[in-house]
>>> print(open('final-v6.txt').read())   # compact mmCIF, C-alpha atoms
# COMPACT_ATOMS: atom_id res chain seq x y z
CA MET A 11 74.31 112.31 97.45
CA ASN A 12 74.89 114.90 100.15
CA VAL A 13 78.58 115.63 99.82
CA ASP A 14 79.89 118.96 101.06
CA THR A 15 82.85 119.79 98.86
CA ALA A 16 85.32 122.60 99.11
CA SER A 17 84.92 123.18 95.42
CA LYS A 18 82.11 121.96 93.16
CA GLY A 19 82.71 120.51 89.76
CA ASN A 20 86.36 119.86 90.31
CA ALA A 21 86.36 116.08 90.09
CA ASP A 22 88.54 116.09 87.00
CA ALA A 23 91.06 118.67 88.13
CA THR A 24 94.71 117.72 87.83
CA ILE A 25 96.47 120.83 89.03
CA ASP A 26 99.85 121.62 90.52
CA VAL A 27 99.89 123.06 94.02
CA GLU A 28 101.69 126.29 94.73
CA GLU A 29 104.41 126.15 97.35
CA LYS A 30 103.30 128.80 99.81
CA GLU A 31 103.80 128.57 103.57
CA ILE A 32 100.71 128.88 105.76
CA VAL A 33 100.53 131.62 108.41
CA ASP A 34 97.75 132.60 110.77
CA PRO A 35 96.10 135.55 108.96
CA ILE A 36 94.57 136.92 112.13
CA THR A 37 97.14 136.68 114.91
CA GLY A 38 100.30 135.44 113.26
CA LYS A 39 100.50 132.86 116.03
CA ASP A 40 100.17 129.11 116.13
CA ILE A 41 96.91 127.58 117.19
CA LEU A 42 95.55 124.26 118.36
CA ILE A 43 92.67 122.89 116.31
CA SER A 44 89.74 121.11 117.92
CA ASN A 45 88.69 118.06 115.96
CA SER A 46 85.47 117.33 117.77
CA ASP A 47 82.15 117.97 116.04
CA GLU A 48 80.49 119.35 119.13
CA GLY A 49 81.05 122.96 118.19
CA ILE A 50 83.84 125.48 117.95
CA GLU A 51 86.33 125.52 120.78
CA SER A 52 88.63 128.37 121.63
CA PHE A 53 91.95 128.78 119.84
CA GLU A 54 94.97 128.01 121.97
CA GLU A 55 98.36 129.46 121.31
CA SER A 56 101.13 126.98 120.91
CA SER A 57 104.84 127.09 120.47
CA GLY A 58 107.38 124.61 119.32
CA ASP A 59 110.06 124.24 116.69
CA TYR A 60 109.82 120.97 114.80
CA ARG A 61 112.35 121.83 112.14
CA ARG A 62 114.69 119.08 111.02
CA PRO A 63 118.40 119.75 111.34
CA PRO A 64 119.66 120.90 107.91
CA ALA A 65 121.91 117.86 107.41
CA GLU A 66 119.02 115.40 107.57
CA THR A 67 117.03 114.24 104.55
CA PHE A 68 114.97 111.67 106.36
CA TYR A 69 111.99 111.31 104.06
CA GLU A 70 114.33 110.53 101.17
CA SER A 71 115.62 107.53 103.12
CA LYS A 72 114.91 104.10 101.74
CA GLY A 73 114.43 102.67 105.21
CA ARG A 74 110.97 101.74 106.43
CA SER A 75 109.45 104.30 108.76
CA ASP A 76 107.74 101.65 110.91
CA THR A 77 111.17 100.12 111.59
CA LEU A 78 112.86 103.43 112.29
CA TYR A 79 110.11 104.64 114.63
CA PRO A 80 108.35 101.56 116.02
CA GLN A 81 106.70 103.45 118.88
CA ILE A 82 104.95 105.85 116.51
CA ALA A 83 104.16 103.10 114.01
CA GLY A 84 102.49 101.18 116.82
CA TYR A 85 99.74 103.79 117.09
CA LYS A 86 98.68 102.97 113.50
CA ILE A 87 98.00 106.62 112.74
CA LEU A 88 98.88 106.28 109.06
CA ASP A 89 98.15 103.49 106.61
CA VAL A 90 98.66 102.85 102.92
CA VAL A 91 95.51 101.10 101.68
CA GLY A 92 95.96 100.35 98.00
CA ASP A 93 94.44 102.55 95.30
CA ASP A 94 91.39 104.77 95.03
CA LYS A 95 88.86 104.18 92.26
CA TYR A 96 91.04 106.09 89.81
CA GLY A 97 94.22 104.11 90.35
CA ARG A 98 95.98 106.45 92.79
CA PRO A 99 97.67 105.23 96.00
CA VAL A 100 95.65 106.11 99.10
CA PHE A 101 97.10 107.22 102.43
CA VAL A 102 94.72 107.14 105.39
CA LEU A 103 95.23 109.26 108.52
CA TYR A 104 93.24 108.37 111.63
CA GLY A 105 92.90 111.35 113.94
CA CYS A 106 91.41 109.21 116.71
CA ARG A 107 94.68 107.24 116.95
CA LEU A 108 96.89 110.25 117.58
CA PRO A 109 98.79 109.75 120.86
CA PRO A 110 98.67 112.34 123.64
CA ALA A 111 100.65 115.35 122.45
CA ASN A 112 103.10 115.15 125.36
CA SER A 113 103.84 111.43 124.89
CA VAL A 114 105.52 111.52 121.49
CA ASP A 115 108.32 113.55 119.95
CA LYS A 116 106.66 115.77 117.34
CA ARG A 117 109.81 115.87 115.25
CA GLU A 118 109.80 112.07 115.05
CA LEU A 119 106.07 112.04 114.29
CA LEU A 120 106.64 114.41 111.40
CA ASP A 121 109.57 112.33 110.13
CA TYR A 122 107.44 109.19 110.30
CA VAL A 123 104.68 110.76 108.21
CA LEU A 124 107.07 112.23 105.65
CA ASN A 125 108.99 108.98 105.29
CA THR A 126 105.85 106.92 104.75
CA LEU A 127 104.53 109.36 102.16
CA GLY A 128 107.93 109.66 100.52
CA ARG A 129 107.91 106.07 99.32
CA PHE A 130 104.92 106.68 97.04
CA VAL A 131 104.70 110.36 96.12
CA GLU A 132 106.45 109.96 92.77
CA SER A 133 102.93 108.96 91.69
CA ASP A 134 99.69 110.88 91.95
CA TYR A 135 98.11 110.04 95.29
CA THR A 136 95.10 110.60 97.54
CA ILE A 137 94.94 111.32 101.27
CA VAL A 138 91.90 110.44 103.38
CA TYR A 139 91.81 112.03 106.83
CA PHE A 140 89.33 110.86 109.47
CA ASN A 141 88.66 113.85 111.69
CA SER A 142 86.21 112.35 114.22
CA SER A 143 86.73 111.19 117.81
CA ILE A 144 90.10 112.86 118.43
CA PRO A 145 90.91 113.06 122.16
CA SER A 146 91.42 116.64 123.29
CA GLN A 147 94.89 115.84 124.65
CA SER A 148 95.96 114.54 121.23
CA ARG A 149 95.30 117.64 119.14
CA LEU A 150 98.30 118.70 117.12
CA PRO A 151 99.34 122.35 117.22
CA PHE A 152 98.92 124.32 114.04
CA SER A 153 102.66 124.99 114.07
CA TRP A 154 103.22 121.26 113.49
CA LEU A 155 100.90 121.27 110.48
CA ARG A 156 102.59 124.36 109.12
CA GLN A 157 106.02 122.78 109.58
CA ALA A 158 104.86 119.61 107.84
CA TYR A 159 103.65 121.67 104.90
CA SER A 160 106.89 123.63 104.68
CA GLU A 161 108.99 120.45 104.56
CA LEU A 162 107.11 118.95 101.66
CA ASP A 163 109.04 119.46 98.46
CA ARG A 164 107.31 120.01 95.13
CA LYS A 165 106.66 116.35 94.33
CA TYR A 166 104.61 115.96 97.52
CA LYS A 167 102.47 119.00 96.80
CA LYS A 168 102.14 118.57 93.07
CA ASN A 169 101.18 114.89 93.07
CA ILE A 170 98.47 114.97 95.72
CA LYS A 171 95.31 114.94 93.61
CA SER A 172 92.68 114.64 96.32
CA LEU A 173 92.46 115.37 100.05
CA ILE A 174 89.29 113.82 101.48
CA ILE A 175 88.30 114.92 104.98
CA VAL A 176 85.81 112.55 106.62
CA HIS A 177 83.60 113.83 109.46
CA PRO A 178 84.82 117.45 109.29
CA SER A 179 84.07 119.57 112.33
CA MET A 180 82.52 123.03 112.17
CA LEU A 181 85.82 124.52 113.26
CA MET A 182 87.74 122.78 110.51
CA LYS A 183 85.38 124.15 107.86
CA LEU A 184 85.63 127.62 109.36
CA LEU A 185 89.42 127.53 109.46
CA TRP A 186 89.60 126.25 105.92
CA THR A 187 87.43 129.14 104.75
CA VAL A 188 89.83 131.56 106.44
CA PHE A 189 93.05 129.95 105.25
CA LYS A 190 92.08 128.75 101.77
CA PRO A 191 92.92 131.98 99.90
CA ILE A 192 96.24 132.21 101.74
CA VAL A 193 97.40 128.62 101.23
CA SER A 194 96.49 128.14 97.58
CA ILE A 195 93.34 128.43 95.53
CA LYS A 196 94.55 125.47 93.50
CA PHE A 197 94.93 123.32 96.59
CA GLY A 198 91.44 124.22 97.71
CA LYS A 199 90.05 122.58 94.60
CA LYS A 200 91.50 119.26 95.73
CA VAL A 201 89.76 119.18 99.11
CA THR A 202 86.49 117.29 99.57
CA TYR A 203 84.42 117.04 102.75
CA ILE A 204 82.66 113.72 103.40
CA SER A 205 80.01 113.73 106.10
CA ARG A 206 79.25 109.97 106.19
CA LEU A 207 81.23 106.80 105.63
CA ALA A 208 78.71 105.64 103.01
CA GLU A 209 79.72 108.57 100.82
CA LEU A 210 83.39 107.63 101.02
CA ASP A 211 82.71 104.46 99.05
CA ASP A 212 82.35 106.63 95.94
CA TYR A 213 86.07 107.39 96.20
CA ILE A 214 87.77 104.35 97.73
CA ARG A 215 86.75 100.84 98.70
CA ILE A 216 85.51 101.03 102.29
CA SER A 217 86.01 97.27 102.52
CA SER A 218 89.78 97.81 102.24
CA LEU A 219 89.83 99.80 105.51
CA GLU A 220 89.94 98.36 108.99
CA LEU A 221 88.22 101.34 110.56
CA PRO A 222 88.73 102.02 114.28
CA LYS A 223 85.67 101.46 116.47
CA PRO A 224 85.37 105.17 117.53
CA ILE A 225 84.96 106.20 113.87
CA LEU A 226 82.27 103.59 113.25
CA GLU A 227 80.42 104.56 116.43
CA TYR A 228 80.59 108.25 115.53
CA ASP A 229 79.21 107.58 112.07
CA GLU A 230 76.33 105.48 113.42
CA LYS A 231 75.12 108.43 115.49
CA LEU A 232 74.74 110.67 112.47
CA LYS A 233 71.52 111.15 110.56
CA PRO A 234 70.99 108.77 107.64
CA ILE A 235 71.62 110.10 104.15
CA LYS A 236 69.84 109.50 100.88
CA ARG A 237 71.99 107.51 98.49
CA ALA A 238 72.05 108.02 94.76
CA PRO A 239 70.65 105.20 92.61
CA SER A 240 72.98 102.22 92.32
CA SER A 241 75.19 101.76 89.27
CA PRO A 242 73.58 100.16 86.21
CA THR A 243 73.79 96.40 85.86
CA TYR A 244 75.24 94.92 82.69
CA GLY A 245 74.71 91.61 80.97
CA ALA A 246 77.10 88.96 79.70
CA ASN A 247 79.46 91.59 78.28
CA GLN A 248 80.37 93.10 81.66
CA MET A 249 84.13 93.37 82.15
CA PHE A 250 84.69 95.21 85.41
CA GLY A 251 84.00 93.56 88.75
CA VAL A 252 83.62 90.07 87.25
CA GLU A 253 85.71 86.97 87.95
CA LEU A 254 88.21 86.31 85.16
CA CYS A 255 86.81 82.85 84.56
CA LYS A 256 83.36 84.33 83.82
CA LEU A 257 84.46 86.97 81.30
CA LYS A 258 83.47 86.81 77.67
CA LEU A 259 86.70 86.24 75.71
CA ASN A 260 87.55 87.31 72.18
CA ASP A 261 88.13 84.90 69.28
CA ASP A 262 91.76 84.42 70.29
CA GLY A 263 90.80 83.32 73.80
CA GLN A 264 92.02 86.58 75.36
CA VAL A 265 90.33 89.03 77.70
CA PRO A 266 89.37 91.87 75.31
CA ILE A 267 90.33 94.73 77.61
CA ILE A 268 93.72 93.15 78.37
CA ALA A 269 94.46 92.55 74.69
CA ASP A 270 93.42 96.09 73.71
CA ILE A 271 95.41 97.87 76.38
CA CYS A 272 98.56 95.76 76.18
CA ASP A 273 98.70 96.23 72.41
CA LEU A 274 98.24 99.99 72.80
CA LEU A 275 100.90 100.34 75.49
CA LEU A 276 103.43 98.30 73.51
CA LYS A 277 102.80 100.45 70.46
CA ASP A 278 102.36 103.96 71.89
CA GLY A 279 103.18 103.88 75.60
CA LEU A 280 106.90 103.13 75.78
CA ALA A 281 108.03 106.75 75.57
CA ILE A 282 105.33 108.26 77.80
CA GLU A 283 106.89 109.74 80.93
CA GLY A 284 105.22 108.49 84.09
CA ILE A 285 103.13 105.80 82.40
CA PHE A 286 101.20 103.90 85.13
CA ARG A 287 102.08 106.71 87.54
CA VAL A 288 100.10 109.63 86.15
CA SER A 289 96.34 109.69 86.78
CA ALA A 290 93.77 110.15 84.01
CA ASN A 291 90.60 112.17 83.61
CA GLN A 292 87.91 110.63 85.79
CA LYS A 293 85.06 111.14 83.33
CA GLU A 294 87.07 109.42 80.62
CA ILE A 295 87.77 106.46 82.93
CA LYS A 296 84.06 106.06 83.64
CA GLU A 297 83.20 106.37 79.95
CA VAL A 298 85.66 103.66 78.94
CA GLU A 299 84.47 101.40 81.77
CA HIS A 300 80.86 101.82 80.63
CA MET A 301 81.79 101.04 77.03
CA TYR A 302 83.59 97.82 77.94
CA ASN A 303 80.78 96.76 80.27
CA SER A 304 78.27 97.36 77.47
CA GLY A 305 80.20 95.27 74.97
CA GLU A 306 81.13 98.28 72.84
CA HIS A 307 84.39 98.61 70.93
CA VAL A 308 86.72 101.06 72.67
CA ASN A 309 88.93 103.28 70.52
CA PHE A 310 91.40 104.90 72.92
CA GLY A 311 92.63 107.06 70.04
CA LEU A 312 89.52 109.19 70.37
CA PHE A 313 90.66 110.38 73.81
CA PRO A 314 93.26 113.12 74.43
CA ASN A 315 95.99 110.93 76.01
CA PRO A 316 95.38 107.28 75.03
CA PRO A 317 98.36 105.56 76.77
CA ILE A 318 97.85 107.30 80.12
CA LEU A 319 94.11 106.57 80.07
CA ALA A 320 94.66 102.95 79.03
CA ALA A 321 97.20 102.35 81.82
CA VAL A 322 94.82 103.72 84.46
CA VAL A 323 91.90 101.68 83.08
CA LEU A 324 94.08 98.55 83.22
CA LYS A 325 94.87 99.16 86.87
CA LYS A 326 91.19 99.71 87.64
CA PHE A 327 90.20 96.51 85.85
CA LEU A 328 92.70 94.50 87.88
CA ARG A 329 91.72 96.22 91.13
CA ASP A 330 88.01 95.53 90.55
CA LEU A 331 88.47 91.78 90.15
CA PRO A 332 86.53 90.00 92.93
CA THR A 333 89.51 87.66 93.36
CA PRO A 334 92.99 89.10 92.79
CA LEU A 335 94.87 88.12 89.65
CA LEU A 336 97.57 86.41 91.73
CA THR A 337 94.96 84.74 94.00
CA TYR A 338 94.47 84.65 97.75
CA ASP A 339 96.39 81.38 98.07
CA LEU A 340 99.55 82.86 96.57
CA TYR A 341 99.28 85.82 98.93
CA GLU A 342 99.27 83.55 101.98
CA LYS A 343 102.12 81.39 100.68
CA PHE A 344 104.27 84.38 99.73
CA LYS A 345 103.58 86.02 103.08
CA ALA A 346 104.93 82.90 104.81
CA THR A 347 107.84 82.38 102.39
CA PRO A 348 108.66 85.57 100.42
CA THR A 349 111.23 84.01 98.09
CA LEU A 350 111.83 83.72 94.37
CA ASP A 351 111.94 79.93 94.64
CA LEU A 352 108.38 79.95 95.93
CA LEU A 353 107.21 82.09 93.02
CA LEU A 354 108.91 79.86 90.47
CA LYS A 355 107.05 76.95 92.00
CA GLU A 356 103.63 78.55 92.54
CA ILE A 357 103.11 80.96 89.62
CA PRO A 358 102.73 78.12 87.07
CA LYS A 359 99.90 76.76 89.22
CA LEU A 360 97.73 79.84 88.65
CA PRO A 361 94.52 79.34 86.63
CA ALA A 362 95.24 79.36 82.89
CA LEU A 363 93.52 82.69 82.21
CA ASN A 364 95.23 84.36 85.18
CA LEU A 365 98.55 83.10 83.88
CA LEU A 366 97.83 84.45 80.40
CA VAL A 367 96.94 87.91 81.73
CA LEU A 368 100.03 87.95 83.95
CA LYS A 369 102.24 86.97 81.01
CA ASP A 370 100.82 89.81 78.88
CA LEU A 371 101.31 92.25 81.74
CA CYS A 372 104.92 91.17 82.25
CA LYS A 373 105.58 91.70 78.56
CA VAL A 374 104.34 95.28 78.82
CA VAL A 375 106.31 95.97 82.01
CA LYS A 376 109.48 94.62 80.45
CA ALA A 377 109.08 96.83 77.39
CA ILE A 378 108.30 99.97 79.42
CA SER A 379 111.07 99.43 81.98
CA GLY A 380 113.50 98.77 79.13
CA ASN A 381 112.91 102.34 78.02
CA SER A 382 113.12 103.86 81.52
CA SER A 383 115.78 106.35 80.44
CA VAL A 384 112.98 108.05 78.49
CA ASN A 385 109.80 107.29 80.45
CA ARG A 386 111.40 107.29 83.95
CA MET A 387 109.58 104.09 84.88
CA ASN A 388 111.87 101.24 85.91
CA ILE A 389 110.64 97.92 87.31
CA SER A 390 110.61 99.20 90.88
CA ASN A 391 108.55 102.27 89.93
CA ILE A 392 106.05 100.21 87.97
CA ALA A 393 105.71 97.67 90.79
CA THR A 394 104.98 100.54 93.20
CA CYS A 395 102.23 101.83 90.91
CA ILE A 396 100.40 98.58 90.17
CA GLY A 397 101.47 96.04 92.81
CA THR A 398 98.46 96.55 95.05
CA ASN A 399 96.17 95.86 92.08
CA LEU A 400 97.58 92.37 91.59
CA ILE A 401 97.18 90.77 95.00
CA TRP A 402 95.59 91.31 98.41
CA PRO A 403 94.53 89.16 101.37
CA ARG A 404 91.20 87.39 101.62
CA SER A 405 90.13 89.92 104.26
CA LYS A 406 90.49 92.65 101.58
CA ILE A 407 91.92 94.87 104.32
CA PHE A 408 94.87 96.97 103.18
CA ASP A 409 97.52 98.34 105.49
CA ILE A 410 101.22 99.10 105.21
CA GLU A 411 102.20 95.45 105.70
CA VAL A 412 99.86 94.29 102.91
CA THR A 413 101.07 97.09 100.64
CA ASN A 414 104.73 96.26 101.22
CA LEU A 415 104.13 92.58 100.53
CA SER A 416 102.20 93.24 97.31
CA LEU A 417 104.90 95.60 96.01
CA LYS A 418 107.65 93.12 96.82
CA LEU A 419 105.77 90.34 95.08
CA ALA A 420 105.17 92.47 91.97
CA LYS A 421 108.83 93.46 91.80
CA PHE A 422 109.92 89.82 92.14
CA ILE A 423 107.64 88.80 89.27
CA PHE A 424 108.56 91.65 86.92
CA SER A 425 112.27 91.19 87.61
CA ASN A 426 112.14 87.47 86.86
CA ASP A 427 109.63 87.26 84.03
CA GLU A 428 112.06 85.33 81.81
CA LYS A 429 112.33 82.60 84.44
CA LEU A 430 108.58 82.53 85.00
CA PHE A 431 107.71 82.62 81.31
CA PRO A 432 110.60 81.06 79.38
CA GLN A 433 110.41 81.38 75.62
>>> encode(input="final-v6.txt", output="C-alpha cells")
Amino acid sequence: MNVDTASKGNADATIDVEEKEIVDPITGKDILISNSDEGIESFEESSGDYRRPPAETFYESKGRSDTLYPQIAGYKILDVVGDDKYGRPVFVLYGCRLPPANSVDKRELLDYVLNTLGRFVESDYTIVYFNSSIPSQSRLPFSWLRQAYSELDRKYKKNIKSLIIVHPSMLMKLLWTVFKPIVSIKFGKKVTYISRLAELDDYIRISSLELPKPILEYDEKLKPIKRAPSSPTYGANQMFGVELCKLKLNDDGQVPIIADICDLLLKDGLAIEGIFRVSANQKEIKEVEHMYNSGEHVNFGLFPNPPILAAVVLKKFLRDLPTPLLTYDLYEKFKATPTLDLLLKEIPKLPALNLLVLKDLCKVVKAISGNSSVNRMNISNIATCIGTNLIWPRSKIFDIEVTNLSLKLAKFIFSNDEKLFPQ
C-alpha cells in the first residue's frame, strides 16, 4: 500500500504530546496556507487576534456547539463519525466546507471546534482532515491554527493518538517538514499522510462517512494505487464481522468472546483507570482478533495489560457487527421517540442473543461505574466511549446527530439496567 507517513513504524505509538506553541521559524509572522494540490503558492502574511477573553471557558461548556453556533454548524465542517478500527472516537474535518474567511467570526469558529472536541477528548481520539478542494477564499490564516493549538489544554494534546491528513498538498508536506522539529517530535509520530481514499479504509470505515462531492471528484482524478492483498477469510469459527445469529456459541449458549471479556473485566477491570477509554496496542488487537477468528483459545493474561486490551477488543467486536447490537429498527424508533418508556417497551423485543449480550454488557458497566471513584469511569463516561458501537442507522453514515443519539441511548440503557433486566 502506498501510504506516505510522517513517521514509519509508529503504528503502535501511544505518546504524550508536548505543549509547545508553534511559531514561524523563518519570519516570525503568520501565514496563509494553500490547500490546493496544484503546487506551492506564495505565503501571505496575516494578522488577527482570536484569543478568547480570559473569563470564558467555552469548550468546557456542556452545551452543544451546533446549538450555540448554528451558522457555523450549518457548514458541516466538523463531524464525529463513530470509532476508528482501534476503538477511538473519530473527528472528521472537511477543508472543502470551510466558509469564506470574511464571512464567519474566527473566534466563534475556534470556539465551535473546541467545544465539539471537548465533549470527547477525555478518551483517546483520532482526527481525519480532508485537505483537498479548499476554495482559495476559505483558507485559514496560520495565526488561527496557532491560536487553536495554544488553547488546547493537556487532555486535548495528550489524548490525540492519530492525525490523518487525506490528500495532502505539496505545501502542507513542506511546511510540516519545516515546523515538525519546532512543534514536537512526539506529535510528528502521530501524523499520517493518506494519498487516496481507498487507503483510508485501513484506519476507519469509509462507509461511515458521507463524503462531500468535491472530495470524491478530486480522488477520482488521481492515479490508481495498488492495494495490498485482502484480509484472510476464516471458516465457521470467525467471530468478527459476522451476524450474531451466525456465530458459533460455546456450550453454555454464549458468544465466546463476550463471555471471555466480560468475565475478565468483572474480575480484573474494575480498578483500571480509564477502562474503555484508553486505547490498546494495535498489533495486540489484531493478534487477538486473528486468534478468535481462527477458533483459538485467547489468554489475555499473556498480554501486558489484559483489561485495557479486552475492553478495546470488545468495542471492536461490537463495531464490526454487520447489524448493530441494538438493531436498525430500535434506532429509528428511538430517534422518533427518545424516551425511557420506549426502551422499556422495545428492548425486550430484541433477538434473544442480542438481549443476552446486552445484559452481560450492562452487568459489566454497572460494576465498573460502581467503582468510578477509583477508575474514573461513570455511566456517562462509559456511554461516551462505547455508545457508537452499539447502534447506528441503516445508512451506516455517522455524523454528530447520529453520535449524540447513540450516546443518549447507551446512557439510558446503562442507567436503567435494573428496569430492563429485573432480577
>>> closest_residue(input="final-v6.txt", among="A:Arg206, A:Lys196, A:Lys373, A:Arg215", to="Lys233 (chain A)", atoms="all atoms listed in the file")
A:Arg206
>>> residues_near_point(input="final-v6.txt", point="(95.1, 112.8, 82.6)", cutoff="8 Å", atoms="all atoms listed in the file", output="ChimeraX atom specification")
/A:24,288-291,315,318-319
>>> write_last_selection(input="final-v6.txt", atoms="C-alpha atoms", output="short mmCIF file (atom, residue, chain, number, x, y, z; two decimals), keeping the file's coordinate frame")
data_model
loop_
_atom_site.label_atom_id
_atom_site.label_comp_id
_atom_site.auth_asym_id
_atom_site.auth_seq_id
_atom_site.Cartn_x
_atom_site.Cartn_y
_atom_site.Cartn_z
CA THR A 24 94.71 117.72 87.83
CA VAL A 288 100.10 109.63 86.15
CA SER A 289 96.34 109.69 86.78
CA ALA A 290 93.77 110.15 84.01
CA ASN A 291 90.60 112.17 83.61
CA ASN A 315 95.99 110.93 76.01
CA ILE A 318 97.85 107.30 80.12
CA LEU A 319 94.11 106.57 80.07
#
>>> closest_residue(input="final-v6.txt", among="A:Ile174, A:Lys429, A:Gly97, A:Leu257", to="Asp351 (chain A)", atoms="all atoms listed in the file")
A:Lys429
>>> closest_residue(input="final-v6.txt", among="A:Leu232, A:Val252, A:Val176, A:Leu150", to="Val102 (chain A)", atoms="all atoms listed in the file")
A:Val176
>>> closest_residue(input="final-v6.txt", among="A:Leu226, A:Leu366, A:Val384, A:Leu254", to="Ile285 (chain A)", atoms="only C-alpha atoms")
A:Val384
>>> closest_residue(input="final-v6.txt", among="A:Ala83, A:Val374, A:Val90, A:Ile170", to="Lys199 (chain A)", atoms="all atoms listed in the file")
A:Ile170
>>> atom_distance(input="final-v6.txt", atom1="CA of Lys171 (chain A)", atom2="CA of Ile214 (chain A)")
13.6 Å
>>> closest_residue(input="final-v6.txt", among="A:Asn388, A:Asn399, A:Thr349, A:Ser113", to="Leu368 (chain A)", atoms="all atoms listed in the file")
A:Asn399
>>> build_atoms(input="final-v6.txt", residues="region 311-329 of chain A", atoms="N, CA and C atoms", output="compact mmCIF listing (two decimals), keeping the file's coordinate frame")
# COMPACT_ATOMS: atom_id res chain seq x y z
N GLY A 311 92.11 105.96 70.84
CA GLY A 311 92.63 107.06 70.04
C GLY A 311 91.71 108.26 69.98
N LEU A 312 90.46 108.07 70.37
CA LEU A 312 89.52 109.19 70.37
C LEU A 312 89.66 110.07 71.61
N PHE A 313 90.46 109.62 72.58
CA PHE A 313 90.66 110.38 73.81
C PHE A 313 91.97 111.16 73.73
N PRO A 314 92.09 112.23 74.53
CA PRO A 314 93.26 113.12 74.43
C PRO A 314 94.61 112.45 74.68
N ASN A 315 94.70 111.56 75.67
CA ASN A 315 95.99 110.93 76.01
C ASN A 315 95.79 109.43 76.14
N PRO A 316 95.74 108.71 75.02
CA PRO A 316 95.38 107.28 75.03
C PRO A 316 96.23 106.40 75.95
N PRO A 317 97.58 106.47 75.92
CA PRO A 317 98.36 105.56 76.77
C PRO A 317 98.13 105.77 78.26
N ILE A 318 98.07 107.02 78.70
CA ILE A 318 97.85 107.30 80.12
C ILE A 318 96.48 106.77 80.54
N LEU A 319 95.45 107.05 79.76
CA LEU A 319 94.11 106.57 80.07
C LEU A 319 94.07 105.05 80.09
N ALA A 320 94.68 104.41 79.11
CA ALA A 320 94.66 102.95 79.03
C ALA A 320 95.35 102.33 80.23
N ALA A 321 96.48 102.90 80.67
CA ALA A 321 97.20 102.35 81.82
C ALA A 321 96.37 102.44 83.09
N VAL A 322 95.66 103.56 83.27
CA VAL A 322 94.82 103.72 84.46
C VAL A 322 93.63 102.76 84.40
N VAL A 323 93.03 102.60 83.24
CA VAL A 323 91.90 101.68 83.08
C VAL A 323 92.35 100.24 83.36
N LEU A 324 93.55 99.88 82.93
CA LEU A 324 94.08 98.55 83.22
C LEU A 324 94.21 98.32 84.71
N LYS A 325 94.74 99.30 85.42
CA LYS A 325 94.87 99.16 86.87
C LYS A 325 93.50 99.02 87.53
N LYS A 326 92.54 99.79 87.06
CA LYS A 326 91.19 99.71 87.64
C LYS A 326 90.55 98.35 87.37
N PHE A 327 90.74 97.83 86.17
CA PHE A 327 90.20 96.51 85.85
C PHE A 327 90.77 95.45 86.80
N LEU A 328 92.07 95.47 87.00
CA LEU A 328 92.70 94.50 87.88
C LEU A 328 92.25 94.68 89.33
N ARG A 329 92.12 95.94 89.75
CA ARG A 329 91.72 96.22 91.13
C ARG A 329 90.28 95.81 91.40
